[in-house]
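Source file entry22.csv; content: CSV, C-alpha atoms and all ligand atoms.
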chain,number,residue,atom,x,y,z
A,1,MET,CA,40.0,-22.4,-60.0
A,2,ALA,CA,41.3,-21.7,-56.4
A,3,ALA,CA,39.9,-24.1,-53.7
A,4,PRO,CA,37.3,-22.2,-51.7
A,5,LEU,CA,38.3,-21.0,-48.2
A,6,LEU,CA,37.3,-23.1,-45.3
A,7,LEU,CA,35.7,-21.1,-42.5
A,8,LEU,CA,34.8,-22.3,-39.0
A,9,ALA,CA,31.2,-21.2,-38.2
A,10,PRO,CA,30.4,-19.3,-35.0
A,11,LEU,CA,28.7,-21.6,-32.5
A,12,ARG,CA,28.0,-19.7,-29.3
A,13,GLY,CA,29.1,-21.7,-26.3
A,14,VAL,CA,31.3,-24.0,-28.4
A,15,THR,CA,33.6,-22.3,-30.9
A,16,GLN,CA,35.1,-19.8,-28.5
A,17,LEU,CA,38.8,-18.9,-28.3
A,18,GLU,CA,39.7,-22.0,-26.4
A,19,PHE,CA,38.3,-24.3,-29.1
A,20,ARG,CA,39.7,-22.2,-32.0
A,21,THR,CA,43.2,-22.4,-30.3
A,22,CYS,CA,43.1,-26.1,-29.9
A,23,LEU,CA,41.8,-26.7,-33.4
A,24,ALA,CA,44.6,-24.6,-34.9
A,25,ARG,CA,47.1,-26.6,-32.7
A,26,HIS,CA,45.9,-30.1,-33.5
A,27,PHE,CA,44.1,-29.9,-36.8
A,28,PRO,CA,45.1,-26.8,-38.8
A,29,GLY,CA,42.6,-27.1,-41.7
A,30,PHE,CA,40.5,-23.9,-41.3
A,31,ASP,CA,41.6,-20.7,-43.0
A,32,LEU,CA,39.4,-18.4,-40.9
A,33,ALA,CA,36.8,-18.5,-38.1
A,34,TYR,CA,33.9,-16.2,-37.2
A,35,SER,CA,33.5,-15.5,-33.5
A,36,PRO,CA,30.3,-16.4,-31.8
A,37,PHE,CA,28.1,-13.2,-31.8
A,38,ILE,CA,29.0,-10.3,-29.6
A,39,PRO,CA,25.9,-8.3,-28.6
A,40,THR,CA,26.0,-4.5,-29.3
A,41,MET,CA,25.6,-2.3,-26.3
A,42,ALA,CA,23.8,1.0,-25.8
A,43,GLY,CA,26.0,4.1,-25.3
A,44,PRO,CA,29.1,5.7,-26.8
A,45,ARG,CA,31.7,3.3,-25.3
A,46,PHE,CA,32.0,-0.4,-25.6
A,47,LYS,CA,32.9,-2.5,-22.5
A,48,MET,CA,36.2,-4.2,-23.2
A,49,SER,CA,35.2,-7.2,-21.1
A,50,ALA,CA,32.6,-8.1,-23.7
A,51,LEU,CA,35.4,-8.5,-26.3
A,52,ARG,CA,37.2,-11.1,-24.2
A,53,ASP,CA,36.8,-13.8,-26.9
A,54,VAL,CA,38.5,-11.7,-29.6
A,55,ILE,CA,41.3,-10.0,-27.7
A,56,PRO,CA,44.1,-10.1,-30.2
A,57,GLU,CA,47.0,-11.5,-28.1
A,58,PRO,CA,45.6,-14.9,-27.1
A,59,ASN,CA,43.9,-15.1,-30.6
A,60,ALA,CA,47.4,-15.0,-32.2
A,61,ALA,CA,47.7,-18.8,-31.6
A,62,ALA,CA,44.2,-19.5,-32.8
A,63,ILE,CA,42.5,-19.7,-36.2
A,64,PRO,CA,42.4,-16.1,-37.5
A,65,VAL,CA,39.1,-14.7,-36.4
A,66,VAL,CA,36.5,-12.2,-37.7
A,67,PRO,CA,34.4,-10.9,-34.8
A,68,GLN,CA,30.7,-11.1,-35.3
A,69,ALA,CA,28.1,-8.7,-33.9
A,70,ILE,CA,24.4,-9.0,-33.2
A,71,GLY,CA,22.1,-6.1,-32.6
A,72,LYS,CA,19.7,-3.7,-34.2
A,73,SER,CA,20.8,-0.2,-33.4
A,74,PRO,CA,23.0,1.4,-36.2
A,75,ALA,CA,24.7,3.7,-33.7
A,76,ASP,CA,25.5,0.9,-31.3
A,77,PHE,CA,26.8,-1.3,-34.1
A,78,ALA,CA,29.1,1.5,-35.2
A,79,THR,CA,30.4,1.8,-31.7
A,80,LEU,CA,31.2,-1.9,-31.5
A,81,VAL,CA,32.9,-1.7,-35.0
A,82,SER,CA,35.0,1.3,-33.7
A,83,ALA,CA,36.1,-0.7,-30.6
A,84,LEU,CA,37.1,-3.6,-32.9
A,85,LYS,CA,39.0,-1.2,-35.1
A,86,ASP,CA,40.9,0.1,-32.0
A,87,LEU,CA,41.9,-3.5,-31.3
A,88,GLY,CA,43.4,-3.7,-34.7
A,89,TYR,CA,40.6,-5.6,-36.6
A,90,ASN,CA,39.7,-4.6,-40.1
A,91,ARG,CA,36.7,-7.0,-40.4
A,92,CYS,CA,33.4,-7.4,-38.6
A,93,ASP,CA,30.5,-9.6,-39.5
A,94,LEU,CA,26.8,-8.8,-38.8
A,95,ASN,CA,24.5,-11.6,-37.7
A,96,ALA,CA,21.3,-11.7,-39.7
A,97,GLY,CA,20.7,-15.3,-39.1
A,98,CYS,CA,20.0,-16.1,-35.5
A,99,PRO,CA,16.6,-17.9,-35.5
A,100,TRP,CA,15.6,-17.8,-31.8
A,101,PRO,CA,12.1,-16.3,-31.6
A,102,MET,CA,13.0,-13.9,-28.8
A,103,ILE,CA,15.8,-12.5,-30.9
A,104,VAL,CA,13.8,-12.4,-34.1
A,105,LYS,CA,10.9,-10.6,-32.3
A,106,ARG,CA,13.2,-7.9,-31.2
A,107,GLY,CA,14.4,-7.3,-34.8
A,108,ARG,CA,17.8,-8.8,-34.3
A,109,GLY,CA,19.5,-11.8,-36.0
A,110,SER,CA,17.3,-13.0,-38.8
A,111,GLY,CA,14.7,-10.5,-37.7
A,112,LEU,CA,16.8,-7.9,-39.5
A,113,LEU,CA,15.7,-9.5,-42.8
A,114,LYS,CA,12.2,-8.5,-42.1
A,115,SER,CA,13.0,-4.8,-41.8
A,116,PRO,CA,15.4,-4.1,-44.6
A,117,ASP,CA,15.6,-0.4,-44.0
A,118,HIS,CA,16.9,-1.1,-40.5
A,119,LEU,CA,19.4,-3.6,-41.9
A,120,PHE,CA,20.7,-1.1,-44.4
A,121,ALA,CA,20.9,1.6,-41.8
A,122,MET,CA,23.2,-0.7,-39.8
A,123,LEU,CA,25.3,-1.4,-42.8
A,124,ASP,CA,25.6,2.3,-43.6
A,125,ALA,CA,26.7,3.1,-40.0
A,126,ALA,CA,29.3,0.2,-39.9
A,127,CYS,CA,30.6,0.8,-43.5
A,128,ALA,CA,31.3,4.4,-42.5
A,129,VAL,CA,33.6,3.2,-39.8
A,130,MET,CA,35.2,0.2,-41.5
A,131,PRO,CA,34.8,0.6,-45.3
A,132,ASP,CA,35.3,-2.7,-47.1
A,133,GLY,CA,35.5,-4.6,-43.8
A,134,ILE,CA,31.9,-5.4,-43.1
A,135,SER,CA,30.3,-8.7,-43.9
A,136,LEU,CA,26.9,-10.3,-43.4
A,137,LYS,CA,25.9,-13.8,-42.3
A,138,ALA,CA,22.2,-14.4,-43.1
A,139,ARG,CA,19.5,-17.0,-43.5
A,140,LEU,CA,17.4,-17.2,-46.6
A,141,GLY,CA,14.4,-15.8,-44.8
A,142,VAL,CA,12.3,-16.1,-41.6
A,143,GLU,CA,9.1,-18.0,-42.5
A,144,ASP,CA,10.1,-18.9,-46.0
A,145,ALA,CA,13.1,-18.6,-48.3
A,146,THR,CA,12.0,-15.3,-50.0
A,147,LEU,CA,13.5,-12.5,-48.0
A,148,LEU,CA,17.3,-12.8,-48.8
A,149,PRO,CA,16.8,-13.4,-52.5
A,150,ALA,CA,14.6,-10.2,-52.6
A,151,LEU,CA,17.4,-8.2,-50.9
A,152,MET,CA,20.2,-9.1,-53.2
A,153,GLU,CA,20.0,-6.1,-55.4
A,154,ARG,CA,20.2,-3.7,-52.5
A,155,LEU,CA,22.9,-5.7,-50.8
A,156,ASN,CA,25.0,-5.5,-54.0
A,157,GLN,CA,25.2,-1.7,-53.5
A,158,TYR,CA,27.2,-2.2,-50.4
A,159,PRO,CA,31.0,-2.9,-50.3
A,160,LEU,CA,30.4,-6.1,-48.3
A,161,SER,CA,33.6,-8.2,-48.0
A,162,THR,CA,31.5,-11.4,-48.0
A,163,LEU,CA,27.9,-12.7,-47.7
A,164,THR,CA,27.6,-16.0,-45.8
A,165,ILE,CA,24.4,-17.8,-46.5
A,166,HIS,CA,23.1,-20.4,-44.1
A,167,ALA,CA,20.7,-21.9,-46.6
A,168,ARG,CA,17.8,-22.4,-44.3
A,169,THR,CA,14.9,-20.3,-43.0
A,170,ALA,CA,14.8,-19.2,-39.3
A,171,ARG,CA,11.6,-21.3,-38.9
A,172,GLN,CA,13.7,-24.4,-39.8
A,173,MET,CA,16.1,-23.6,-36.9
A,174,TYR,CA,18.9,-26.1,-37.5
A,175,GLU,CA,16.8,-29.0,-38.9
A,176,GLY,CA,15.5,-29.9,-42.4
A,177,LYS,CA,17.3,-29.7,-45.7
A,178,PRO,CA,19.2,-26.6,-46.8
A,179,ASP,CA,17.5,-25.0,-49.8
A,180,LEU,CA,20.2,-25.3,-52.4
A,181,GLU,CA,18.0,-23.9,-55.2
A,182,LYS,CA,17.4,-20.6,-53.3
A,183,PHE,CA,21.1,-20.5,-52.3
A,184,GLY,CA,22.0,-20.8,-56.0
A,185,LEU,CA,19.6,-18.0,-56.9
A,186,CYS,CA,21.3,-15.6,-54.4
A,187,LEU,CA,24.8,-16.7,-55.5
A,188,ALA,CA,23.9,-16.0,-59.2
A,189,ASN,CA,22.7,-12.5,-58.3
A,190,ALA,CA,25.5,-11.6,-55.9
A,191,LYS,CA,28.3,-9.2,-56.7
A,192,MET,CA,30.2,-9.9,-53.5
A,193,PRO,CA,32.0,-13.1,-52.6
A,194,VAL,CA,29.5,-15.7,-51.3
A,195,ILE,CA,30.2,-18.3,-48.6
A,196,TYR,CA,28.0,-21.4,-48.4
A,197,ASN,CA,26.9,-22.7,-44.9
A,198,GLY,CA,24.7,-25.6,-43.9
A,199,ASP,CA,25.2,-29.3,-43.2
A,200,ILE,CA,28.7,-29.9,-44.4
A,201,ASN,CA,29.6,-33.0,-42.4
A,202,THR,CA,32.0,-34.9,-44.7
A,203,PRO,CA,34.6,-34.2,-47.4
A,204,GLU,CA,32.0,-35.6,-49.9
A,205,ASP,CA,29.4,-32.9,-48.7
A,206,ALA,CA,32.0,-30.2,-49.3
A,207,ALA,CA,32.9,-31.6,-52.8
A,208,ALA,CA,29.2,-31.8,-53.8
A,209,ILE,CA,28.7,-28.1,-52.9
A,210,VAL,CA,31.8,-27.0,-54.8
A,211,ALA,CA,30.8,-29.1,-57.8
A,212,ARG,CA,27.3,-27.7,-57.9
A,213,PHE,CA,28.4,-24.1,-57.1
A,214,PRO,CA,31.9,-23.6,-58.5
A,215,ASP,CA,31.6,-19.8,-58.0
A,216,VAL,CA,31.3,-20.1,-54.2
A,217,SER,CA,34.2,-18.3,-52.4
A,218,GLY,CA,34.1,-20.3,-49.2
A,219,LEU,CA,32.6,-23.1,-47.2
A,220,MET,CA,31.6,-22.4,-43.6
A,221,ILE,CA,31.3,-25.4,-41.3
A,222,GLY,CA,29.8,-25.5,-37.8
A,223,ARG,CA,28.5,-28.7,-36.2
A,224,GLY,CA,30.4,-31.0,-38.6
A,225,ALA,CA,33.7,-29.6,-37.4
A,226,VAL,CA,32.8,-30.2,-33.7
A,227,ARG,CA,31.5,-33.7,-34.4
A,228,ASP,CA,34.8,-34.3,-36.2
A,229,PRO,CA,37.5,-31.7,-35.6
A,230,THR,CA,39.7,-33.4,-38.3
A,231,LEU,CA,37.1,-32.5,-41.0
A,232,ALA,CA,38.7,-29.4,-42.4
A,233,MET,CA,42.0,-31.2,-42.8
A,234,ARG,CA,40.3,-34.2,-44.4
A,235,ILE,CA,38.5,-31.9,-46.9
A,236,LYS,CA,42.0,-30.5,-47.8
A,237,GLY,CA,43.4,-34.1,-47.9
A,238,LYS,CA,45.9,-33.2,-45.2
A,239,PHE,CA,44.9,-35.5,-42.4
A,240,ALA,CA,47.0,-38.7,-41.9
A,241,GLY,CA,47.6,-40.9,-39.0
A,242,ASP,CA,45.7,-42.5,-36.2
A,243,ARG,CA,42.4,-40.5,-36.0
A,244,ARG,CA,41.2,-41.9,-32.7
A,245,ALA,CA,44.5,-41.2,-30.9
A,246,ALA,CA,44.7,-37.7,-32.5
A,247,LEU,CA,41.1,-36.9,-31.3
A,248,ALA,CA,41.8,-38.2,-27.8
A,249,ASP,CA,44.9,-35.9,-27.6
A,250,PHE,CA,42.8,-33.1,-28.9
A,251,VAL,CA,40.1,-33.5,-26.3
A,252,ARG,CA,42.6,-33.9,-23.4
A,253,ASP,CA,44.3,-30.6,-24.5
A,254,TYR,CA,41.0,-28.8,-25.0
A,255,SER,CA,39.8,-29.9,-21.6
A,256,GLU,CA,43.0,-28.6,-20.0
A,257,VAL,CA,42.9,-25.3,-21.8
A,258,CYS,CA,39.2,-24.7,-20.8
A,259,ARG,CA,39.9,-25.7,-17.2
A,260,ALA,CA,42.7,-23.2,-16.9
A,261,ARG,CA,40.7,-20.4,-18.5
A,262,LEU,CA,37.1,-20.8,-17.3
A,263,CYS,CA,36.0,-19.9,-13.8
A,264,GLY,CA,35.2,-23.0,-11.8
A,265,PRO,CA,33.6,-26.4,-12.5
A,266,GLY,CA,30.2,-25.0,-13.4
A,267,HIS,CA,31.5,-23.0,-16.3
A,268,PHE,CA,33.9,-25.7,-17.3
A,269,LEU,CA,31.4,-28.6,-17.3
A,270,GLY,CA,28.8,-26.4,-19.1
A,271,ARG,CA,31.3,-25.8,-21.9
A,272,MET,CA,32.4,-29.4,-22.0
A,273,LYS,CA,28.8,-30.7,-22.1
A,274,GLU,CA,27.9,-28.4,-25.0
A,275,PHE,CA,31.0,-29.6,-26.9
A,276,TRP,CA,30.5,-33.3,-26.2
A,277,SER,CA,26.9,-33.2,-27.3
A,278,TYR,CA,28.5,-33.0,-30.8
A,279,PHE,CA,31.9,-34.4,-30.3
A,280,LYS,CA,30.5,-37.8,-29.0
A,281,ASP,CA,29.9,-38.7,-32.7
A,282,SER,CA,33.7,-38.9,-33.2
A,283,PHE,CA,33.9,-42.1,-31.2
A,284,GLU,CA,32.3,-45.5,-31.7
A,285,ASN,CA,31.5,-45.6,-28.0
A,286,GLY,CA,30.6,-41.9,-28.0
A,287,GLU,CA,27.0,-42.4,-26.7
A,288,LYS,CA,28.3,-44.2,-23.6
A,289,LEU,CA,30.9,-41.5,-23.0
A,290,TRP,CA,28.3,-38.8,-23.5
A,291,ARG,CA,25.9,-40.4,-21.0
A,292,GLN,CA,28.7,-40.3,-18.4
A,293,ILE,CA,29.8,-36.8,-19.2
A,294,ARG,CA,26.2,-35.5,-19.0
A,295,ILE,CA,26.0,-36.5,-15.4
A,296,SER,CA,29.5,-35.3,-14.3
A,297,ARG,CA,29.3,-32.8,-11.6
A,298,THR,CA,32.9,-32.4,-10.6
A,299,TYR,CA,36.3,-32.1,-12.3
A,300,SER,CA,37.3,-35.6,-11.1
A,301,GLU,CA,34.1,-37.2,-12.4
A,302,TYR,CA,34.8,-35.6,-15.8
A,303,ASP,CA,38.5,-36.7,-15.7
A,304,ALA,CA,37.5,-40.3,-14.9
A,305,VAL,CA,35.5,-40.4,-18.1
A,306,LEU,CA,38.4,-39.0,-20.1
A,307,SER,CA,40.8,-41.5,-18.6
A,308,GLY,CA,38.7,-44.2,-20.2
A,309,LEU,CA,39.2,-42.9,-23.7
A,401,LIG,C1,24.8,-24.0,-30.6
A,401,LIG,C2,24.9,-23.1,-31.8
A,401,LIG,C3,25.3,-21.8,-31.6
A,401,LIG,C4,25.3,-20.9,-32.7
A,401,LIG,N1,25.8,-19.6,-32.6
A,401,LIG,C5,25.9,-18.8,-33.7
A,401,LIG,C6,26.4,-17.5,-33.6
A,401,LIG,O1,26.9,-17.0,-32.5
A,401,LIG,N2,26.4,-16.7,-34.7
A,401,LIG,C7,26.0,-17.2,-35.9
A,401,LIG,O2,26.0,-16.5,-36.9
A,401,LIG,N3,25.5,-18.4,-36.0
A,401,LIG,C8,25.5,-19.3,-35.0
A,401,LIG,N4,25.0,-20.5,-35.1
A,401,LIG,C9,24.7,-21.1,-36.5
A,401,LIG,C10,26.0,-21.7,-37.1
A,401,LIG,O3,27.0,-20.7,-37.3
A,401,LIG,C11,25.6,-22.3,-38.5
A,401,LIG,O4,25.1,-21.3,-39.3
A,401,LIG,C12,24.6,-23.4,-38.4
A,401,LIG,O5,25.0,-24.3,-37.4
A,401,LIG,C13,24.6,-24.2,-39.8
A,401,LIG,O6,25.9,-24.7,-40.1
A,401,LIG,P1,26.3,-26.2,-39.8
A,401,LIG,O7,25.2,-27.1,-40.4
A,401,LIG,O8,27.6,-26.4,-40.5
A,401,LIG,O9,26.3,-26.4,-38.3
A,401,LIG,C14,24.9,-21.4,-34.0
A,401,LIG,C15,24.5,-22.7,-34.2
A,401,LIG,C16,24.5,-23.6,-33.1
A,401,LIG,C17,24.0,-25.0,-33.3

Is it possible to express this structure as structure tokens?
Ligand SMILES: Cc1cc2nc3c(=O)[nH]c(=O)nc-3n(C[C@H](O)[C@H](O)[C@H](O)COP(=O)(O)O)c2cc1C
Amino acid sequence: MAAPLLLLAPLRGVTQLEFRTCLARHFPGFDLAYSPFIPTMAGPRFKMSALRDVIPEPNAAAIPVVPQAIGKSPADFATLVSALKDLGYNRCDLNAGCPWPMIVKRGRGSGLLKSPDHLFAMLDAACAVMPDGISLKARLGVEDATLLPALMERLNQYPLSTLTIHARTARQMYEGKPDLEKFGLCLANAKMPVIYNGDINTPEDAAAIVARFPDVSGLMIGRGAVRDPTLAMRIKGKFAGDRRAALADFVRDYSEVCRARLCGPGHFLGRMKEFWSYFKDSFENGEKLWRQIRISRTYSEYDAVLSGL
């Protein structure tokens, strides 16, 4: 049996191009990444500036990426898929998992699971533009874990390239245990390749999922890979050397890349703070570093913390 693919999960505000580039450079363990969601736009044309994160040329040095869309209009989704096709992409993922109440109320993200006809109209529109290239990332449901299992038969009628299941409900947000039983039910009924997602934080977590679900095609990892950027390499048994020194090199490089690409200290520090809220767990004295970073207001205050690494 082939080892399942390792995929970097989309984390808006964290796993953007700069992170995917530095991860590929320092710890090349992931086979594929999904971009943080790109909202669809009304109208027949898509604004190229909204595709900044997935422009092919800078992405060539990063983990290969599948752009992800969020929206609810079939026509607007098809327009975005066409724009991605024009950029050379042959894959696009649809977000049916975002749990934020404002998004769900508007019928987007995991809200799509509550109106299946809408979801299938979106898949129809996108598959017409990019046959065989559309995938779905979904939760098990909104209030409880019943919606996705009930949709499996209809989903099987689509040529989905993959179905990624974050094995939680939207109500759970990012807390509580993934429901492995309901995940297994969906996997058993799926005709398309299925990717598992949820709380893989160690090589042992990854091994336990593969042992319980040998038919899984991939493991998608989000917060665990930001807390420990060596994780994908460790899962593959490819990481050797001084972990602390390697992580310090990584964060110095990542900070430089973000400083060069993001506009001004506000954007830069916002990105760094979101990242460090997870990455602090990589270091024994991480809480102390995090407290200092959280109150940094300037480049030099941030640099002073890094110099203490
Ligand atoms: C800050 C943050 C941003 C996220 N952004 C996205 C997103 O843009 N698209 C998406 O499908 N999921 C998004 N997610 C969900 C993750 O991709 C993933 O499904 C979830 O974190 C569970 O995986 P994990 O336990 O490995 O982190 C986000 C999660 C977090 C915490």

Rows by chain and residue number, chain A within 8 Å of ligand LIG 401 (chain A), shortest pair, all atoms listed in the file, as a tab-separated table:
residue	atom	partner	partner_atom	distance
A:Ala9	CA	A:LIG401	O3	4.3
A:Pro10	CA	A:LIG401	O3	4.3
A:Leu11	CA	A:LIG401	C4	3.5
A:Arg12	CA	A:LIG401	N1	4.0
A:Gly13	CA	A:LIG401	C1	6.5
A:Val14	CA	A:LIG401	C1	6.9
A:Tyr34	CA	A:LIG401	O2	7.9
A:Ser35	CA	A:LIG401	O1	6.8
A:Pro36	CA	A:LIG401	O1	3.5
A:Phe37	CA	A:LIG401	O1	4.0
A:Ile38	CA	A:LIG401	O1	7.6
A:Gln68	CA	A:LIG401	N2	7.1
A:Leu94	CA	A:LIG401	O2	8.0
A:Asn95	CA	A:LIG401	O2	5.2
A:Ala96	CA	A:LIG401	O2	7.3
A:Gly97	CA	A:LIG401	O2	5.9
A:Cys98	CA	A:LIG401	N3	6.0
A:Lys137	CA	A:LIG401	O2	6.0
A:Ala138	CA	A:LIG401	O2	7.6
A:His166	CA	A:LIG401	O4	5.3
A:Tyr174	CA	A:LIG401	O5	6.4
A:Asn197	CA	A:LIG401	O6	5.3
A:Gly198	CA	A:LIG401	O7	3.8
A:Asp199	CA	A:LIG401	O7	3.6
A:Ile200	CA	A:LIG401	O8	5.4
A:Asn201	CA	A:LIG401	O8	7.2
A:Met220	CA	A:LIG401	O8	6.5
A:Ile221	CA	A:LIG401	O8	3.9
A:Gly222	CA	A:LIG401	O8	3.6
A:Arg223	CA	A:LIG401	O9	3.8
A:Gly224	CA	A:LIG401	O8	5.7
A:Ala225	CA	A:LIG401	O8	7.6
A:Glu274	CA	A:LIG401	C1	7.8

Ranking A:Leu289, A:Ile195, A:Ala83, A:Leu140 by minimum distance to Leu6 of chain A and counting only C-alpha atoms, which one comes first?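 Smallest separation from Leu6 of chain A among the options: A:Ile195.
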
At what distance in Å, to one decimal, does atom CA of Leu113 of chain A lie from atom CA of Leu187 of chain A?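 Taking atom CA of Leu187 of chain A as the start and atom CA of Leu113 of chain A as the end point, the length is 17.2 Å.
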
Rounded to one decimal, what separation in Å do you get between atom CA of Arg20 of chain A and atom CA of Leu309 of chain A?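 Atom-to-atom, atom CA of Arg20 of chain A and atom CA of Leu309 of chain A are spaced 22.3 Å apart.
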
Let me make sure I understand: among A:Ala126, A:Val257, A:Ala211, A:Leu306, which one has the smallest atom-to-atom distance to Arg25 of chain A if we use all atoms listed in the file? A:Val257

Nearest to Thr21 of chain A by atom-to-atom distance, counting all atoms listed in the file, from A:Ala245, A:Val104, A:Val54, A:Val194: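 Using all atoms listed in the file, Thr21 of chain A sits closest to A:Val54.
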
What does the distance from atom CA of Thr79 of chain A to atom CA of Cys127 of chain A come to in Å, to one decimal? 11.8 Å

Between A:Ala50, A:Ala61, A:Leu8, A:Leu119, single out the one closest to Asp31 of chain A, counting all atoms listed in the file.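 Using all atoms listed in the file, the shortest distance to Asp31 of chain A belongs to A:Leu8.
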